[in-house]
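> Dropping in upload.pdb, which is PDB, C-alpha atoms, pLDDT in the B column:
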```
ATOM      1  CA  MET M   2      19.108  82.948  16.640  1.00 67.00           C
ATOM      2  CA  LYS M   3      19.299  82.508  20.400  1.00 67.00           C
ATOM      3  CA  THR M   4      17.623  79.097  20.158  1.00 73.00           C
ATOM      4  CA  ILE M   5      20.076  77.920  17.499  1.00 74.00           C
ATOM      5  CA  SER M   6      23.089  78.987  19.578  1.00 71.00           C
ATOM      6  CA  ASN M   7      21.656  77.210  22.676  1.00 69.00           C
ATOM      7  CA  ILE M   8      21.114  73.996  20.669  1.00 76.00           C
ATOM      8  CA  LEU M   9      24.602  74.242  19.163  1.00 69.00           C
ATOM      9  CA  PHE M  10      26.139  74.859  22.625  1.00 68.00           C
ATOM     10  CA  SER M  11      24.222  71.887  24.103  1.00 71.00           C
ATOM     11  CA  ALA M  12      25.315  69.621  21.228  1.00 72.00           C
ATOM     12  CA  ILE M  13      28.966  70.596  21.692  1.00 77.00           C
ATOM     13  CA  LEU M  14      28.708  70.081  25.467  1.00 68.00           C
ATOM     14  CA  ILE M  15      27.136  66.618  25.036  1.00 77.00           C
ATOM     15  CA  GLY M  16      29.833  65.732  22.500  1.00 70.00           C
ATOM     16  CA  ILE M  17      32.613  66.735  24.903  1.00 75.00           C
ATOM     17  CA  ILE M  18      31.018  64.722  27.722  1.00 73.00           C
ATOM     18  CA  MET M  19      30.700  61.643  25.494  1.00 71.00           C
ATOM     19  CA  ILE M  20      34.316  61.902  24.317  1.00 74.00           C
ATOM     20  CA  SER M  21      35.578  62.264  27.898  1.00 68.00           C
ATOM     21  CA  CYS M  22      33.578  59.197  28.966  1.00 64.00           C
ATOM     22  CA  ILE M  23      35.124  56.957  26.312  1.00 65.00           C
ATOM     23  CA  LYS M  24      37.787  54.881  28.046  1.00 55.00           C
ATOM     24  CA  LYS M  25      41.020  54.422  26.180  1.00 57.00           C
ATOM     25  CA  ASP M  26      42.472  50.940  26.557  1.00 52.00           C
ATOM     26  CA  ASP M  27      46.256  50.796  26.884  1.00 54.00           C
ATOM     27  CA  ASN M  28      46.430  47.285  25.499  1.00 56.00           C
ATOM     28  CA  PRO M  29      43.370  46.655  23.275  1.00 58.00           C
ATOM     29  CA  GLY M  30      44.241  43.027  22.485  1.00 61.00           C
ATOM     30  CA  GLN M  31      44.314  41.954  26.142  1.00 63.00           C
ATOM     31  CA  SER M  32      41.183  40.438  27.685  1.00 62.00           C
ATOM     32  CA  ASP M  33      39.902  41.326  31.130  1.00 60.00           C
ATOM     33  CA  LEU M  34      41.028  37.931  32.429  1.00 58.00           C
ATOM     34  CA  GLU M  35      44.571  38.545  31.177  1.00 64.00           C
ATOM     35  CA  LYS M  36      44.598  42.013  32.760  1.00 62.00           C
ATOM     36  CA  LEU M  37      43.471  40.532  36.063  1.00 58.00           C
ATOM     37  CA  ARG M  38      46.068  37.778  35.879  1.00 61.00           C
ATOM     38  CA  ASN M  39      48.889  40.271  35.213  1.00 65.00           C
ATOM     39  CA  THR M  40      48.078  42.777  37.949  1.00 64.00           C
ATOM     40  CA  ASN M  41      50.310  42.961  40.982  1.00 63.00           C
ATOM     41  CA  ASN M  42      48.869  42.932  44.456  1.00 57.00           C
ATOM     42  CA  ILE M  43      51.300  45.015  46.420  1.00 56.00           C
ATOM     43  CA  THR M  44      50.774  44.430  50.097  1.00 54.00           C
ATOM     44  CA  VAL M  45      52.483  46.159  52.948  1.00 54.00           C
ATOM     45  CA  LYS M  46      54.066  43.674  55.266  1.00 59.00           C
ATOM     46  CA  MET M  47      55.501  44.577  58.624  1.00 61.00           C
ATOM     47  CA  ASP M  48      58.296  42.741  60.268  1.00 69.00           C
ATOM     48  CA  SER M  49      57.856  41.776  63.903  1.00 72.00           C
ATOM     49  CA  ALA M  50      59.727  44.829  65.214  1.00 74.00           C
ATOM     50  CA  GLN M  51      57.514  47.214  63.235  1.00 80.00           C
ATOM     51  CA  ALA M  52      54.406  45.355  64.373  1.00 80.00           C
ATOM     52  CA  ILE M  53      55.456  45.538  68.028  1.00 82.00           C
ATOM     53  CA  ASN M  54      56.209  49.272  67.636  1.00 84.00           C
ATOM     54  CA  ALA M  55      52.784  49.902  66.099  1.00 87.00           C
ATOM     55  CA  ILE M  56      50.958  47.817  68.711  1.00 87.00           C
ATOM     56  CA  THR M  57      52.857  49.427  71.582  1.00 90.00           C
ATOM     57  CA  MET M  58      52.184  52.921  70.260  1.00 91.00           C
ATOM     58  CA  GLN M  59      48.464  52.166  69.961  1.00 92.00           C
ATOM     59  CA  LYS M  60      48.286  50.632  73.453  1.00 92.00           C
ATOM     60  CA  VAL M  61      50.129  53.597  75.026  1.00 93.00           C
ATOM     61  CA  GLN M  62      47.785  56.030  73.264  1.00 93.00           C
ATOM     62  CA  ASP M  63      44.736  54.041  74.402  1.00 94.00           C
ATOM     63  CA  VAL M  64      45.840  54.010  78.054  1.00 93.00           C
ATOM     64  CA  LEU M  65      46.539  57.745  78.023  1.00 94.00           C
ATOM     65  CA  ASP M  66      43.258  58.597  76.276  1.00 93.00           C
ATOM     66  CA  LEU M  67      41.259  56.475  78.714  1.00 93.00           C
ATOM     67  CA  SER M  68      43.159  57.939  81.671  1.00 93.00           C
ATOM     68  CA  THR M  69      42.431  61.542  80.675  1.00 93.00           C
ATOM     69  CA  LEU M  70      38.801  60.591  80.107  1.00 92.00           C
ATOM     70  CA  TYR M  71      38.618  58.916  83.524  1.00 92.00           C
ATOM     71  CA  LEU M  72      40.267  61.865  85.292  1.00 92.00           C
ATOM     72  CA  SER M  73      37.921  64.363  83.636  1.00 90.00           C
ATOM     73  CA  GLY M  74      34.954  62.619  85.250  1.00 87.00           C
ATOM     74  CA  GLN M  75      33.810  62.421  88.851  1.00 85.00           C
ATOM     75  CA  LYS M  76      35.426  58.986  89.383  1.00 84.00           C
ATOM     76  CA  ASN M  77      32.318  57.618  91.082  1.00 84.00           C
ATOM     77  CA  THR M  78      29.825  57.040  88.282  1.00 89.00           C
ATOM     78  CA  GLU M  79      29.145  53.811  86.418  1.00 90.00           C
ATOM     79  CA  ILE M  80      30.841  55.181  83.301  1.00 90.00           C
ATOM     80  CA  ASP M  81      33.949  56.090  85.311  1.00 89.00           C
ATOM     81  CA  THR M  82      34.011  52.572  86.757  1.00 90.00           C
ATOM     82  CA  ALA M  83      33.732  51.090  83.261  1.00 92.00           C
ATOM     83  CA  ILE M  84      36.561  53.307  81.983  1.00 92.00           C
ATOM     84  CA  TYR M  85      38.755  52.357  84.953  1.00 91.00           C
ATOM     85  CA  SER M  86      38.152  48.637  84.388  1.00 91.00           C
ATOM     86  CA  LYS M  87      39.000  49.107  80.698  1.00 93.00           C
ATOM     87  CA  ILE M  88      42.332  50.699  81.700  1.00 92.00           C
ATOM     88  CA  GLU M  89      43.026  47.791  84.054  1.00 92.00           C
ATOM     89  CA  LYS M  90      42.691  45.322  81.159  1.00 92.00           C
ATOM     90  CA  TYR M  91      45.820  46.802  79.583  1.00 91.00           C
ATOM     91  CA  PHE M  92      47.888  45.722  82.602  1.00 91.00           C
ATOM     92  CA  GLN M  93      49.034  42.269  83.592  1.00 85.00           C
ATOM     93  CA  LYS M  94      48.488  42.946  87.284  1.00 84.00           C
ATOM     94  CA  SER M  95      46.905  46.068  88.617  1.00 79.00           C
ATOM     95  CA  ASP M  96      46.573  47.325  92.159  1.00 78.00           C
ATOM     96  CA  SER M  97      46.216  50.711  93.831  1.00 73.00           C
ATOM     97  CA  THR M  98      49.777  51.737  92.875  1.00 81.00           C
ATOM     98  CA  THR M  99      49.599  50.762  89.191  1.00 82.00           C
ATOM     99  CA  PHE M 100      48.208  54.084  87.965  1.00 86.00           C
ATOM    100  CA  LYS M 101      49.586  56.283  90.760  1.00 85.00           C
ATOM    101  CA  ASP M 102      52.403  57.962  88.800  1.00 86.00           C
ATOM    102  CA  LEU M 103      50.328  58.310  85.636  1.00 90.00           C
ATOM    103  CA  PHE M 104      47.246  59.793  87.313  1.00 91.00           C
ATOM    104  CA  LYS M 105      49.350  62.071  89.519  1.00 91.00           C
ATOM    105  CA  GLU M 106      51.109  63.608  86.531  1.00 91.00           C
ATOM    106  CA  LEU M 107      47.969  64.011  84.420  1.00 92.00           C
ATOM    107  CA  GLU M 108      46.030  65.593  87.297  1.00 92.00           C
ATOM    108  CA  SER M 109      48.808  67.931  88.416  1.00 91.00           C
ATOM    109  CA  LEU M 110      49.237  69.328  84.895  1.00 91.00           C
ATOM    110  CA  ASN M 111      45.463  69.357  84.248  1.00 92.00           C
ATOM    111  CA  VAL M 112      45.917  67.435  80.994  1.00 92.00           C
ATOM    112  CA  LYS M 113      42.921  67.159  78.675  1.00 93.00           C
ATOM    113  CA  LYS M 114      44.524  65.539  75.600  1.00 93.00           C
ATOM    114  CA  VAL M 115      47.635  63.467  75.010  1.00 93.00           C
ATOM    115  CA  LYS M 116      49.424  62.666  71.754  1.00 94.00           C
ATOM    116  CA  VAL M 117      52.070  59.924  71.671  1.00 93.00           C
ATOM    117  CA  SER M 118      54.992  60.049  69.234  1.00 92.00           C
ATOM    118  CA  ASN M 119      58.556  58.829  68.647  1.00 91.00           C
ATOM    119  CA  ILE M 120      58.206  55.452  70.281  1.00 90.00           C
ATOM    120  CA  ASN M 121      61.325  53.365  70.746  1.00 90.00           C
ATOM    121  CA  VAL M 122      60.851  49.751  71.789  1.00 89.00           C
ATOM    122  CA  PHE M 123      63.835  47.860  73.167  1.00 89.00           C
ATOM    123  CA  GLN M 124      64.727  44.834  75.257  1.00 87.00           C
ATOM    124  CA  LYS M 125      67.068  44.215  78.152  1.00 88.00           C
ATOM    125  CA  ILE M 126      68.369  40.795  79.018  1.00 86.00           C
ATOM    126  CA  LYS M 127      68.526  40.216  82.742  1.00 85.00           C
ATOM    127  CA  GLU M 128      69.991  36.838  83.583  1.00 83.00           C
ATOM    128  CA  LYS M 129      67.737  34.423  81.644  1.00 81.00           C
ATOM    129  CA  ASP M 130      64.821  36.820  81.221  1.00 82.00           C
ATOM    130  CA  THR M 131      64.070  39.292  78.453  1.00 83.00           C
ATOM    131  CA  LEU M 132      62.439  42.485  79.698  1.00 87.00           C
ATOM    132  CA  HIS M 133      60.574  44.697  77.206  1.00 90.00           C
ATOM    133  CA  PHE M 134      60.562  48.494  77.446  1.00 91.00           C
ATOM    134  CA  ALA M 135      59.194  51.408  75.466  1.00 92.00           C
ATOM    135  CA  LYS M 136      60.363  55.022  75.537  1.00 94.00           C
ATOM    136  CA  PHE M 137      58.088  57.550  73.922  1.00 94.00           C
ATOM    137  CA  ASN M 138      57.289  61.245  73.776  1.00 94.00           C
ATOM    138  CA  VAL M 139      53.976  62.591  74.981  1.00 93.00           C
ATOM    139  CA  GLU M 140      52.560  65.971  74.080  1.00 94.00           C
ATOM    140  CA  TYR M 141      50.155  67.272  76.695  1.00 94.00           C
ATOM    141  CA  THR M 142      47.369  69.702  75.873  1.00 93.00           C
ATOM    142  CA  GLY M 143      45.252  71.456  78.511  1.00 91.00           C
ATOM    143  CA  GLU M 144      42.173  73.643  78.581  1.00 90.00           C
ATOM    144  CA  LYS M 145      41.282  75.456  75.345  1.00 90.00           C
ATOM    145  CA  ASN M 146      43.880  73.359  73.419  1.00 89.00           C
ATOM    146  CA  LYS M 147      46.730  75.134  75.214  1.00 93.00           C
ATOM    147  CA  LYS M 148      49.963  73.185  74.784  1.00 93.00           C
ATOM    148  CA  ILE M 149      51.453  72.169  78.123  1.00 92.00           C
ATOM    149  CA  GLY M 150      54.645  70.558  76.834  1.00 92.00           C
ATOM    150  CA  ASN M 151      56.463  67.538  75.424  1.00 93.00           C
ATOM    151  CA  PHE M 152      57.864  64.938  77.782  1.00 93.00           C
ATOM    152  CA  GLU M 153      59.769  61.689  77.406  1.00 94.00           C
ATOM    153  CA  ARG M 154      58.167  58.831  79.303  1.00 93.00           C
ATOM    154  CA  ASN M 155      58.636  55.082  79.545  1.00 92.00           C
ATOM    155  CA  ALA M 156      56.716  51.899  80.096  1.00 92.00           C
ATOM    156  CA  GLN M 157      57.557  48.273  80.668  1.00 91.00           C
ATOM    157  CA  TYR M 158      55.447  45.652  78.946  1.00 90.00           C
ATOM    158  CA  THR M 159      55.263  41.924  78.497  1.00 88.00           C
ATOM    159  CA  LEU M 160      54.083  39.633  75.737  1.00 84.00           C
ATOM    160  CA  VAL M 161      52.269  36.570  77.057  1.00 84.00           C
ATOM    161  CA  SER M 162      51.843  33.695  74.636  1.00 79.00           C
ATOM    162  CA  LYS M 163      48.459  32.095  74.222  1.00 72.00           C
ATOM    163  CA  PRO M 164      48.972  28.385  74.909  1.00 69.00           C
ATOM    164  CA  ASP M 165      45.857  27.194  73.082  1.00 67.00           C
ATOM    165  CA  GLN M 166      46.800  28.813  69.752  1.00 58.00           C
ATOM    166  CA  LYS M 167      48.583  26.876  67.007  1.00 64.00           C
ATOM    167  CA  ASN M 168      50.183  29.971  65.535  1.00 66.00           C
ATOM    168  CA  LYS M 169      52.385  32.208  67.662  1.00 69.00           C
ATOM    169  CA  GLU M 170      50.016  34.787  69.083  1.00 75.00           C
ATOM    170  CA  PHE M 171      50.752  36.957  72.073  1.00 78.00           C
ATOM    171  CA  LYS M 172      48.688  39.021  74.460  1.00 85.00           C
ATOM    172  CA  PHE M 173      50.142  42.461  75.220  1.00 88.00           C
ATOM    173  CA  TYR M 174      50.155  43.765  78.809  1.00 89.00           C
ATOM    174  CA  PHE M 175      51.848  46.683  80.513  1.00 90.00           C
ATOM    175  CA  VAL M 176      53.841  45.848  83.627  1.00 90.00           C
ATOM    176  CA  LYS M 177      54.762  49.416  84.639  1.00 89.00           C
ATOM    177  CA  PHE M 178      53.646  52.698  83.174  1.00 89.00           C
ATOM    178  CA  TYR M 179      55.399  56.037  83.850  1.00 84.00           C
ATOM    179  CA  SER M 180      57.749  54.508  86.354  1.00 68.00           C
ATOM    180  CA  ASP M 181      61.501  55.042  86.421  1.00 61.00           C
ATOM    181  CA  LYS M 182      61.965  51.850  88.369  1.00 51.00           C
ATOM    182  CA  PRO M 183      61.129  48.876  86.148  1.00 45.00           C
ATOM    183  CA  GLU M 184      59.630  45.889  87.839  1.00 47.00           C
ATOM    184  CA  LYS M 185      61.822  42.850  88.308  1.00 50.00           C
ATOM    185  CA  ASP M 186      60.919  39.746  86.386  1.00 47.00           C
ATOM    186  CA  SER M 187      58.617  37.201  88.006  1.00 46.00           C
ATOM    187  CA  THR M 188      61.368  34.613  88.327  1.00 44.00           C
ATOM    188  CA  SER M 189      62.628  34.449  91.887  1.00 43.00           C
ATOM    189  CA  ALA M 190      66.296  35.275  92.313  1.00 42.00           C
ATOM    190  CA  GLY M 191      66.761  32.980  95.292  1.00 41.00           C
ATOM    191  CA  ILE M 192      66.959  33.401  99.032  1.00 42.00           C
ATOM    192  CA  THR M 193      69.157  36.164 100.367  1.00 41.00           C
ATOM    193  CA  LYS M 194      70.447  36.353 103.908  1.00 37.00           C
TER     194      LYS M 194
END
```
Reformat the file's structure so that it appears as structure tokens.


Amino acid sequence: MKTISNILFSAILIGIIMISCIKKDDNPGQSDLEKLRNTNNITVKMDSAQAINAITMQKVQDVLDLSTLYLSGQKNTEIDTAIYSKIEKYFQKSDSTTFKDLFKELESLNVKKVKVSNINVFQKIKEKDTLHFAKFNVEYTGEKNKKIGNFERNAQYTLVSKPDQKNKEFKFYFVKFYSDKPEKDSTSAGITK
């Protein structure tokens, strides 16, 4: 009796599995080629403003992540040197004052992690030049994932076109980071007396 009920149970289970594996076709008269031809490829396209926002957000996050990693080290090892040179590549020109404000703030608050959010990219026209800025919020986290706070910060960046490219491609560089005084454009304003 027990053997018969086990066989009957197994047969029912196999039947249910086979029925669930049978694929129902919504349109049985349509060939696979016709189905493929009639499918829609929905792609997400970004306009240039959305692309610049996304790129800027990623670059800001990268600089902050690398900076916290650099500051957590001893600043004199080969790895620290490699991290520092990687940070420098995000800037058009870097010198001893480039990272001063950023490093000072991260060290004074003993920041271990940074999360960037709410980025707002905008432009200012100054005479014949267009200056690019980004305002964003940063959430600082310290030791043992203790939240330090949310702060609004800013950065100035530039987009440098690649002259050898046929299509319009730009290289992204920061000009100033965490500075309230944006750098003047490279065009000379003339001689003042």

> Quick check, in Å to one decimal: how far apart do CA of Asn146 (chain M) and CA of Leu72 (chain M) lie?

16.9 Å

> When you count only C-alpha atoms, which of these residues is closest to Lys116 (chain M): M:Tyr174, M:Phe137, M:Tyr71, M:Tyr91?

M:Phe137

> Using the chain letters and numbers from the file, give me the residues hit by the PyMOL selection byres ((chain M and resi 58-64) around 9), as number ranges by chain.

M: 53-57, 65-69, 87-88, 91, 115-120, 135, 137, 156, 173-175, 178

> What residues have an atom no more than 12 Å from (45.5, 61.7, 84.3) in the file's own frame, counting only C-alpha atoms, and can you write them as number ranges by chain?

M: 64-74, 76, 85, 88, 100-115, 141-143, 179

> Write a file of the just-selected residues containing C-alpha atoms, as a PDB file, in the frame of the given file.


```pdb
ATOM      1  CA  VAL M  64      45.840  54.010  78.054  1.00 93.00           C
ATOM      2  CA  LEU M  65      46.539  57.745  78.023  1.00 94.00           C
ATOM      3  CA  ASP M  66      43.258  58.597  76.276  1.00 93.00           C
ATOM      4  CA  LEU M  67      41.259  56.475  78.714  1.00 93.00           C
ATOM      5  CA  SER M  68      43.159  57.939  81.671  1.00 93.00           C
ATOM      6  CA  THR M  69      42.431  61.542  80.675  1.00 93.00           C
ATOM      7  CA  LEU M  70      38.801  60.591  80.107  1.00 92.00           C
ATOM      8  CA  TYR M  71      38.618  58.916  83.524  1.00 92.00           C
ATOM      9  CA  LEU M  72      40.267  61.865  85.292  1.00 92.00           C
ATOM     10  CA  SER M  73      37.921  64.363  83.636  1.00 90.00           C
ATOM     11  CA  GLY M  74      34.954  62.619  85.250  1.00 87.00           C
ATOM     12  CA  LYS M  76      35.426  58.986  89.383  1.00 84.00           C
ATOM     13  CA  TYR M  85      38.755  52.357  84.953  1.00 91.00           C
ATOM     14  CA  ILE M  88      42.332  50.699  81.700  1.00 92.00           C
ATOM     15  CA  PHE M 100      48.208  54.084  87.965  1.00 86.00           C
ATOM     16  CA  LYS M 101      49.586  56.283  90.760  1.00 85.00           C
ATOM     17  CA  ASP M 102      52.403  57.962  88.800  1.00 86.00           C
ATOM     18  CA  LEU M 103      50.328  58.310  85.636  1.00 90.00           C
ATOM     19  CA  PHE M 104      47.246  59.793  87.313  1.00 91.00           C
ATOM     20  CA  LYS M 105      49.350  62.071  89.519  1.00 91.00           C
ATOM     21  CA  GLU M 106      51.109  63.608  86.531  1.00 91.00           C
ATOM     22  CA  LEU M 107      47.969  64.011  84.420  1.00 92.00           C
ATOM     23  CA  GLU M 108      46.030  65.593  87.297  1.00 92.00           C
ATOM     24  CA  SER M 109      48.808  67.931  88.416  1.00 91.00           C
ATOM     25  CA  LEU M 110      49.237  69.328  84.895  1.00 91.00           C
ATOM     26  CA  ASN M 111      45.463  69.357  84.248  1.00 92.00           C
ATOM     27  CA  VAL M 112      45.917  67.435  80.994  1.00 92.00           C
ATOM     28  CA  LYS M 113      42.921  67.159  78.675  1.00 93.00           C
ATOM     29  CA  LYS M 114      44.524  65.539  75.600  1.00 93.00           C
ATOM     30  CA  VAL M 115      47.635  63.467  75.010  1.00 93.00           C
ATOM     31  CA  TYR M 141      50.155  67.272  76.695  1.00 94.00           C
ATOM     32  CA  THR M 142      47.369  69.702  75.873  1.00 93.00           C
ATOM     33  CA  GLY M 143      45.252  71.456  78.511  1.00 91.00           C
ATOM     34  CA  TYR M 179      55.399  56.037  83.850  1.00 84.00           C
TER      35      TYR M 179
END
```

> Quick one: pull the distance between CA of Thr82 (chain M) and CA of Ser162 (chain M), Å, one decimal.

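Interatomic distance here is 28.7 Å.
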
> To one decimal place, how far is CA of Gln157 (chain M) from CA of Lys94 (chain M) in Å?

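Between CA of Gln157 (chain M) and CA of Lys94 (chain M) the gap is 12.4 Å.
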
> Can you work out which one of M:Ala52, M:Ile8, M:Met19, M:Ile13 has the shortest atom-to-atom distance to Phe171 (chain M), counting all atoms listed in the file?

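The answer is M:Ala52, which sits nearest to Phe171 (chain M).
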
> Any idea what's packed within 8 Å of Gln124 (chain M), counting all atoms listed in the file, ignoring anything in its chain fewer than 2 positions away? Could you give it as number ranges by chain?

M: 122, 126, 131-134

> With all atoms listed in the file as the atoms that count, which of M:Asn151, M:Lys136, M:Lys145, M:Gln93 lies nearest to Val176 (chain M)?

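Among the listed residues, the smallest separation from Val176 (chain M) belongs to M:Gln93.
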